[in-house]
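*Asks:* Supplied structure: my_file36.cif, mmCIF, C-alpha atoms and all ligand atoms.
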```
data_protein
#
loop_
_atom_site.label_atom_id
_atom_site.label_comp_id
_atom_site.auth_asym_id
_atom_site.auth_seq_id
_atom_site.Cartn_x
_atom_site.Cartn_y
_atom_site.Cartn_z
CA MET B 112 24.99 11.63 9.88
CA PRO B 113 23.05 14.67 8.58
CA ASN B 114 24.85 18.02 8.39
CA TYR B 115 23.13 19.49 11.45
CA ARG B 116 23.10 23.30 11.65
CA ILE B 117 22.15 25.54 14.57
CA ALA B 118 20.80 28.98 13.64
CA PRO B 119 20.35 31.43 16.54
CA SER B 120 17.49 33.83 15.86
CA ILE B 121 18.55 37.41 16.62
CA LEU B 122 14.94 38.30 17.40
CA SER B 123 15.81 37.31 20.99
CA ALA B 124 19.19 39.10 21.03
CA ASP B 125 19.92 42.33 22.90
CA PHE B 126 19.10 44.85 20.16
CA ALA B 127 21.14 47.54 21.98
CA ARG B 128 24.25 45.40 21.29
CA LEU B 129 23.19 43.54 18.15
CA GLY B 130 26.60 43.47 16.50
CA GLU B 131 28.30 42.14 19.61
CA GLU B 132 25.57 39.51 20.00
CA VAL B 133 26.05 38.24 16.44
CA VAL B 134 29.83 38.04 16.91
CA ALA B 135 29.29 36.25 20.24
CA VAL B 136 26.99 33.52 18.90
CA ALA B 137 29.16 33.09 15.83
CA GLU B 138 32.19 32.56 18.07
CA ALA B 139 30.08 30.28 20.30
CA GLY B 140 29.58 27.86 17.41
CA ALA B 141 26.47 29.01 15.53
CA ASP B 142 26.34 27.65 11.97
CA MET B 143 24.27 30.52 10.58
CA ILE B 144 22.50 33.66 11.80
CA HIS B 145 18.71 33.68 11.56
CA ILE B 146 17.31 37.14 10.84
CA ASP B 147 13.58 37.47 11.47
CA VAL B 148 12.13 40.22 9.27
CA MET B 149 8.68 41.27 10.43
CA ASP B 150 6.58 44.05 8.86
CA ASN B 151 3.65 44.42 11.32
CA HIS B 152 1.39 43.48 8.40
CA TYR B 153 1.96 39.85 7.56
CA VAL B 154 2.75 39.24 11.26
CA PRO B 155 1.75 41.41 14.26
CA ASN B 156 5.29 42.56 15.02
CA LEU B 157 7.90 44.87 13.49
CA THR B 158 11.65 44.18 13.45
CA PHE B 159 14.39 45.05 10.98
CA GLY B 160 14.96 45.81 7.29
CA PRO B 161 17.81 45.38 4.80
CA LEU B 162 19.88 48.12 6.47
CA VAL B 163 20.37 45.94 9.55
CA CYS B 164 21.37 42.99 7.37
CA ARG B 165 23.86 45.26 5.58
CA ALA B 166 25.27 46.39 8.95
CA LEU B 167 25.70 42.79 10.13
CA ARG B 168 27.22 41.44 6.91
CA PRO B 169 30.80 42.67 7.48
CA ILE B 170 30.98 41.43 11.10
CA THR B 171 30.44 37.74 10.44
CA SER B 172 31.32 35.20 7.79
CA LYS B 173 28.47 32.94 8.94
CA PRO B 174 25.63 32.57 6.42
CA LEU B 175 22.84 35.12 6.97
CA ASP B 176 19.57 33.22 6.95
CA VAL B 177 16.84 35.79 6.30
CA HIS B 178 13.30 34.76 7.23
CA LEU B 179 10.87 37.17 5.54
CA MET B 180 7.58 37.54 7.42
CA ALA B 181 6.50 40.42 5.24
CA THR B 182 4.30 41.20 2.26
CA PRO B 183 4.67 42.15 -0.54
CA VAL B 184 7.85 40.09 -0.56
CA ASP B 185 9.54 40.32 -4.01
CA LYS B 186 11.05 43.81 -3.58
CA LEU B 187 12.43 42.83 -0.17
CA VAL B 188 14.07 39.75 -1.68
CA VAL B 189 16.21 41.89 -3.97
CA GLU B 190 17.08 44.37 -1.20
CA PHE B 191 18.10 41.67 1.29
CA ALA B 192 20.14 39.89 -1.35
CA LYS B 193 21.99 43.14 -2.04
CA ALA B 194 22.42 43.61 1.72
CA GLY B 195 24.31 40.32 1.97
CA ALA B 196 21.74 37.61 2.69
CA ASP B 197 22.85 34.07 1.84
CA ILE B 198 19.52 32.29 2.32
CA ILE B 199 16.11 33.90 1.93
CA THR B 200 12.96 32.14 3.07
CA PHE B 201 9.41 33.41 2.67
CA HIS B 202 5.81 32.37 3.34
CA PRO B 203 3.71 31.35 0.29
CA GLU B 204 0.78 33.29 1.75
CA ALA B 205 2.91 36.47 1.47
CA SER B 206 3.59 36.16 -2.28
CA GLU B 207 1.25 36.72 -5.22
CA HIS B 208 3.29 34.33 -7.39
CA VAL B 209 5.31 31.85 -5.34
CA ASP B 210 7.31 30.36 -8.20
CA ARG B 211 8.32 33.84 -9.38
CA THR B 212 9.45 34.80 -5.85
CA ILE B 213 11.54 31.62 -5.60
CA GLN B 214 13.11 32.43 -8.98
CA THR B 215 13.79 36.01 -7.85
CA ILE B 216 15.68 34.70 -4.80
CA ILE B 217 17.73 32.34 -6.98
CA ASP B 218 18.39 35.03 -9.61
CA SER B 219 19.55 37.32 -6.78
CA GLY B 220 22.24 34.78 -5.93
CA CYS B 221 20.69 33.41 -2.73
CA GLU B 222 19.44 29.99 -1.65
CA ALA B 223 15.63 29.85 -1.68
CA GLY B 224 13.41 28.44 1.06
CA LEU B 225 9.66 28.17 1.55
CA VAL B 226 8.21 28.65 5.03
CA LEU B 227 5.14 26.66 6.06
CA ASN B 228 3.14 27.84 9.08
CA PRO B 229 1.66 25.27 11.47
CA SER B 230 -1.63 25.26 9.55
CA THR B 231 -0.17 25.65 6.04
CA PRO B 232 -0.62 22.42 4.07
CA LEU B 233 2.34 20.61 2.48
CA ASN B 234 0.83 20.80 -1.00
CA HIS B 235 2.64 24.14 -1.42
CA LEU B 236 5.73 21.99 -1.92
CA GLU B 237 4.22 19.95 -4.78
CA TRP B 238 5.34 22.28 -7.61
CA THR B 239 8.14 24.13 -5.81
CA LEU B 240 10.29 21.53 -4.03
CA GLU B 241 12.63 20.98 -6.96
CA LYS B 242 13.65 24.66 -6.91
CA LEU B 243 14.19 24.92 -3.15
CA SER B 244 17.40 24.66 -1.16
CA MET B 245 15.48 24.60 2.13
CA VAL B 246 12.02 23.97 3.58
CA LEU B 247 11.31 25.81 6.82
CA LEU B 248 8.56 24.38 9.02
CA MET B 249 7.22 26.81 11.63
CA SER B 250 6.68 25.08 14.97
CA VAL B 251 5.05 28.24 16.36
CA ASN B 252 2.79 30.83 14.77
CA PRO B 253 5.10 33.51 13.35
CA GLY B 254 5.63 36.89 14.97
CA PHE B 255 7.23 36.32 18.35
CA GLY B 256 10.08 34.54 20.13
CA GLY B 257 9.66 32.58 23.36
CA GLN B 258 6.61 30.57 22.28
CA THR B 259 6.00 26.87 22.95
CA PHE B 260 6.84 24.24 20.33
CA ILE B 261 3.65 22.98 18.63
CA GLU B 262 3.77 19.19 19.01
CA SER B 263 1.91 18.44 15.76
CA THR B 264 5.01 19.70 13.92
CA TYR B 265 6.68 16.30 14.47
CA GLY B 266 4.32 14.61 12.01
CA LYS B 267 4.83 17.38 9.47
CA ILE B 268 8.62 17.04 9.78
CA ASN B 269 8.30 13.29 9.09
CA GLN B 270 6.23 13.93 5.96
CA VAL B 271 8.54 16.62 4.58
CA ARG B 272 11.59 14.43 5.24
CA ASP B 273 9.92 11.69 3.15
CA MET B 274 9.15 14.21 0.37
CA ILE B 275 12.78 15.38 0.34
CA LYS B 276 14.01 11.77 0.26
CA GLU B 277 11.69 11.03 -2.65
CA SER B 278 12.92 14.11 -4.53
CA GLY B 279 16.49 12.81 -4.39
CA ARG B 280 17.65 16.39 -3.89
CA ASP B 281 19.87 17.91 -1.21
CA ILE B 282 17.25 20.11 0.48
CA SER B 283 17.64 21.27 4.10
CA LEU B 284 14.75 20.83 6.52
CA GLN B 285 14.74 23.75 8.95
CA VAL B 286 12.42 24.00 11.96
CA ASP B 287 11.73 27.30 13.70
CA GLY B 288 10.06 28.11 17.00
CA GLY B 289 10.20 26.81 20.56
CA ILE B 290 13.35 24.74 20.04
CA ASN B 291 15.48 24.12 23.12
CA ILE B 292 17.87 21.64 24.72
CA ARG B 293 14.99 19.40 25.79
CA ASN B 294 13.33 18.89 22.38
CA ILE B 295 16.09 19.36 19.78
CA ARG B 296 16.97 15.66 19.72
CA SER B 297 13.37 14.54 19.05
CA ILE B 298 13.05 17.23 16.36
CA ALA B 299 16.19 15.83 14.72
CA MET B 300 14.90 12.25 15.05
CA ALA B 301 11.71 13.36 13.26
CA GLY B 302 13.86 14.45 10.30
CA ALA B 303 14.98 18.07 10.78
CA ASP B 304 18.60 19.05 10.10
CA THR B 305 18.57 22.81 10.70
CA PHE B 306 17.37 24.31 13.97
CA VAL B 307 16.39 27.90 14.62
CA SER B 308 16.53 28.85 18.27
CA GLY B 309 16.14 32.32 19.75
CA SER B 310 15.14 32.56 23.40
CA ALA B 311 16.77 29.23 24.33
CA ILE B 312 20.13 30.61 23.19
CA PHE B 313 20.01 34.38 23.80
CA GLY B 314 18.17 33.80 27.06
CA VAL B 315 21.18 32.21 28.77
CA GLU B 316 24.52 33.52 30.07
CA ASN B 317 26.91 31.32 28.11
CA TYR B 318 26.13 30.93 24.40
CA CYS B 319 28.97 28.46 23.88
CA ASP B 320 27.64 26.08 26.56
CA VAL B 321 24.08 26.05 25.25
CA ILE B 322 25.09 25.61 21.60
CA THR B 323 27.53 22.85 22.58
CA ASP B 324 24.82 21.16 24.69
CA MET B 325 22.39 21.37 21.75
CA ARG B 326 25.00 19.88 19.41
CA ASN B 327 25.70 17.08 21.87
CA GLU B 328 22.01 16.23 21.77
CA LEU B 329 22.43 15.68 18.02
CA LEU B 330 25.30 13.19 18.27
C1 LIG W 1 9.04 33.60 15.01
C2 LIG W 1 10.43 33.55 14.38
C3 LIG W 1 11.34 32.59 15.08
C4 LIG W 1 11.58 32.93 16.55
C5 LIG W 1 12.23 31.77 17.27
O1 LIG W 1 8.16 34.25 14.12
O2 LIG W 1 10.36 33.17 13.03
O3 LIG W 1 12.58 32.53 14.39
O4 LIG W 1 12.43 34.06 16.63
O5 LIG W 1 12.35 32.14 18.62
P1 LIG W 1 12.22 31.03 19.78
O6 LIG W 1 13.35 30.05 19.54
O7 LIG W 1 12.38 31.80 21.05
O8 LIG W 1 10.88 30.38 19.60
ZN ZN W 2 12.29 32.79 12.05
#
```
Could you express the structure from this file as structure tokens?
Ligand code: DX5
Ligand code: ZN

*Replies:*
Amino acid sequence: MPNYRIAPSILSADFARLGEEVVAVAEAGADMIHIDVMDNHYVPNLTFGPLVCRALRPITSKPLDVHLMATPVDKLVVEFAKAGADIITFHPEASEHVDRTIQTIIDSGCEAGLVLNPSTPLNHLEWTLEKLSMVLLMSVNPGFGGQTFIESTYGKINQVRDMIKESGRDISLQVDGGINIRNIRSIAMAGADTFVSGSAIFGVENYCDVITDMRNELL
């Protein structure tokens, strides 16, 4: 049985009560906290910087999973690592030198992940997979919560799962965008083990119920 992890994305949280929201989802059973960093340059939206990560660090022991949708990315890697990030993922299109950015994440003491957009080909993994702790497949185009899961992602998940198997390494396969109680099982069956979900979790009254229901779909 894979080590399934559910990562609520705080992009859909109530920003006026962000600390309370993080504590609430952590207590409701979240495995990690997904922090969507958007710079209104690489993606058409603007969210939070390292200061927010630093503010959240002391209020939860859950891993902080920082998804950088920003460019240039290397300086932000160091700042988010200092602010308490545990995992840092970035888009290859946002880095001048992808291998160097991966090494910077590792040298900063964090786990490194590469994020592939729906149209980004898998060959970005050819010369990077052996350094990665996680591959993040976007099942929506980055920039917003509440979008619909792009169905072609299933085939991509299959292929990346096979690549990870072939590598013989313990690499997580995270999927991000449009995940909910109705599709999480099929996404797991396709080969994912880590699930980012924003609006499907923060959009409901009881976080514990929805996270428990999602986990039951993975049994
Ligand atoms: C989109 C972000 C996702 C998003 C997921 O650019 O990377 O993490 O917040 O939100 P939902 O689950 O609502 O699609
Ligand atoms: Zn994300």

*Asks:* Which residue is closest to ligand ZN 2 (chain W)? Choose from B:Thr182, B:Ser244, B:Asn327, B:Ser250 and count only C-alpha atoms and all ligand atoms.

*Replies:* B:Ser250

*Asks:* Which residues come within 9 Å of B:Val189, counting all atoms listed in the file, excluding same-chain residues fewer than 5 positions away, as a PyMOL selection string?

*Replies:* chain B and resi 194+215-216+219

*Asks:* Fewer than 4 positions away in the same chain doesn't count, so skip those; otherwise give me all residues within 7 Å of B:Thr200, counting all atoms listed in the file, as number ranges by chain.

*Replies:* B: 177-179, 223-226

*Asks:* So how many Å separate atom CA of B:Asp304 and atom CA of B:Leu330, to one decimal?

*Replies:*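 Taking atom CA of B:Asp304 as the start and atom CA of B:Leu330 as the end point, the length is 12.1 Å.
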
*Asks:* Please identify every residue of chain B that has at least one atom no farther than 7 Å from an atom of ligand LIG 1 (chain W), counting all atoms listed in the file, and for each give the shortest atom pair and the distance in Å to one decimal, arranged by chain then increasing number, as a tab-separated table.

*Replies:*
```
residue	atom	partner	partner_atom	distance
B:Ser120	CA	W:LIG1	O4	5.1
B:Ile121	CA	W:LIG1	O4	7.0
B:Leu122	CA	W:LIG1	O4	5.0
B:Ser123	CA	W:LIG1	O4	6.4
B:His145	CA	W:LIG1	O3	6.8
B:Asp147	CA	W:LIG1	O2	5.6
B:His178	CA	W:LIG1	O2	6.7
B:Val251	CA	W:LIG1	C1	6.8
B:Asn252	CA	W:LIG1	O1	6.4
B:Pro253	CA	W:LIG1	O1	3.2
B:Gly254	CA	W:LIG1	O1	3.8
B:Phe255	CA	W:LIG1	C1	4.7
B:Gly256	CA	W:LIG1	O5	3.6
B:Gly257	CA	W:LIG1	O7	3.7
B:Gln258	CA	W:LIG1	O8	5.0
B:Thr259	CA	W:LIG1	O8	6.9
B:Asp287	CA	W:LIG1	O3	5.3
B:Gly288	CA	W:LIG1	O8	3.5
B:Gly289	CA	W:LIG1	O8	3.8
B:Ile290	CA	W:LIG1	O6	5.3
B:Val307	CA	W:LIG1	O3	6.0
B:Ser308	CA	W:LIG1	O6	3.6
B:Gly309	CA	W:LIG1	O6	3.6
B:Ser310	CA	W:LIG1	O7	3.7
B:Ala311	CA	W:LIG1	O6	5.9
```

*Asks:* For stretch 264-274 of chain B, I'd like the enclosing box, axis-aligned and padded by 8 Å on every side, reported as lines of an AutoDock Vina configuration file with centre and edge lengths in Å to one decimal.

*Replies:*
```
center_x = 8.0
center_y = 15.7
center_z = 7.4
size_x = 23.3
size_y = 24.0
size_z = 30.1
```

*Asks:* Determine the nearest neighbour of ligand ZN 2 (chain W) from the options B:Met249, B:Ile295, B:Val154, B:Leu167, counting only C-alpha atoms and all ligand atoms.

*Replies:*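 Closest to ligand ZN 2 (chain W) of all the choices is B:Met249.
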
*Asks:* Between B:Leu187, B:Met274, B:Ala118, B:Leu129, which is the closest to ligand ZN 2 (chain W) once you count only C-alpha atoms and all ligand atoms?

*Replies:*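 Nearest to ligand ZN 2 (chain W): B:Ala118.
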
*Asks:* Considering all atoms listed in the file, return as a list of chain:residue names whatever protein or nucleic-acid residues lie within 10 Å of B:Arg165, sequence-local ones (same chain, fewer than 6 positions apart) excluded.

*Replies:*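 Close residues of B:Arg165: B:Glu190, B:Phe191, B:Ala192, B:Lys193, B:Ala194, B:Gly195, B:Ala196.
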
*Asks:* In terms of the shortest atom-to-atom distance over all atoms listed in the file, which of B:Ser278, B:Asn156, B:Gln214, B:Gln270 is closest to B:Ala303?

*Replies:*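 Ranking B:Ser278, B:Asn156, B:Gln214, B:Gln270 by distance to B:Ala303, first place goes to B:Gln270.
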
*Asks:* Record the distance separating atom CA of B:Arg168 and atom CA of B:Thr212, expressed in Å with one decimal.

*Replies:*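 Between atom CA of B:Arg168 and atom CA of B:Thr212 the gap works out to 22.9 Å.
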
*Asks:* Just want the 9 Å neighbourhood of B:Val133, counted on only C-alpha atoms, with same-chain residues fewer than 6 positions away dropped. Output as a PyMOL selection string.

*Replies:* chain B and resi 119+121+124+144+167+170-171

*Asks:* So how many Å separate atom CA of B:Phe313 and atom CA of B:Phe159, to one decimal?

*Replies:*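 Between these atoms lies a distance of 17.6 Å.
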
*Asks:* Near B:Leu227, counting all atoms listed in the file, which residues have an atom at most 9 Å away, once you skip same-chain residues fewer than 3 positions from it, shown as number ranges by chain?

*Replies:* B: 201-203, 230-233, 235, 246-249

*Asks:* Which one of B:Val188, B:Ile117, B:Cys319, B:Ile146 sits closest to B:Val286 if you count all atoms listed in the file?

*Replies:* B:Ile117

*Asks:* Between B:Ala137, B:Met143, B:Cys164, B:Val148, single out the one closest to ligand ZN 2 (chain W), counting all atoms listed in the file.

*Replies:*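 Among the listed residues, the smallest separation from ligand ZN 2 (chain W) belongs to B:Val148.
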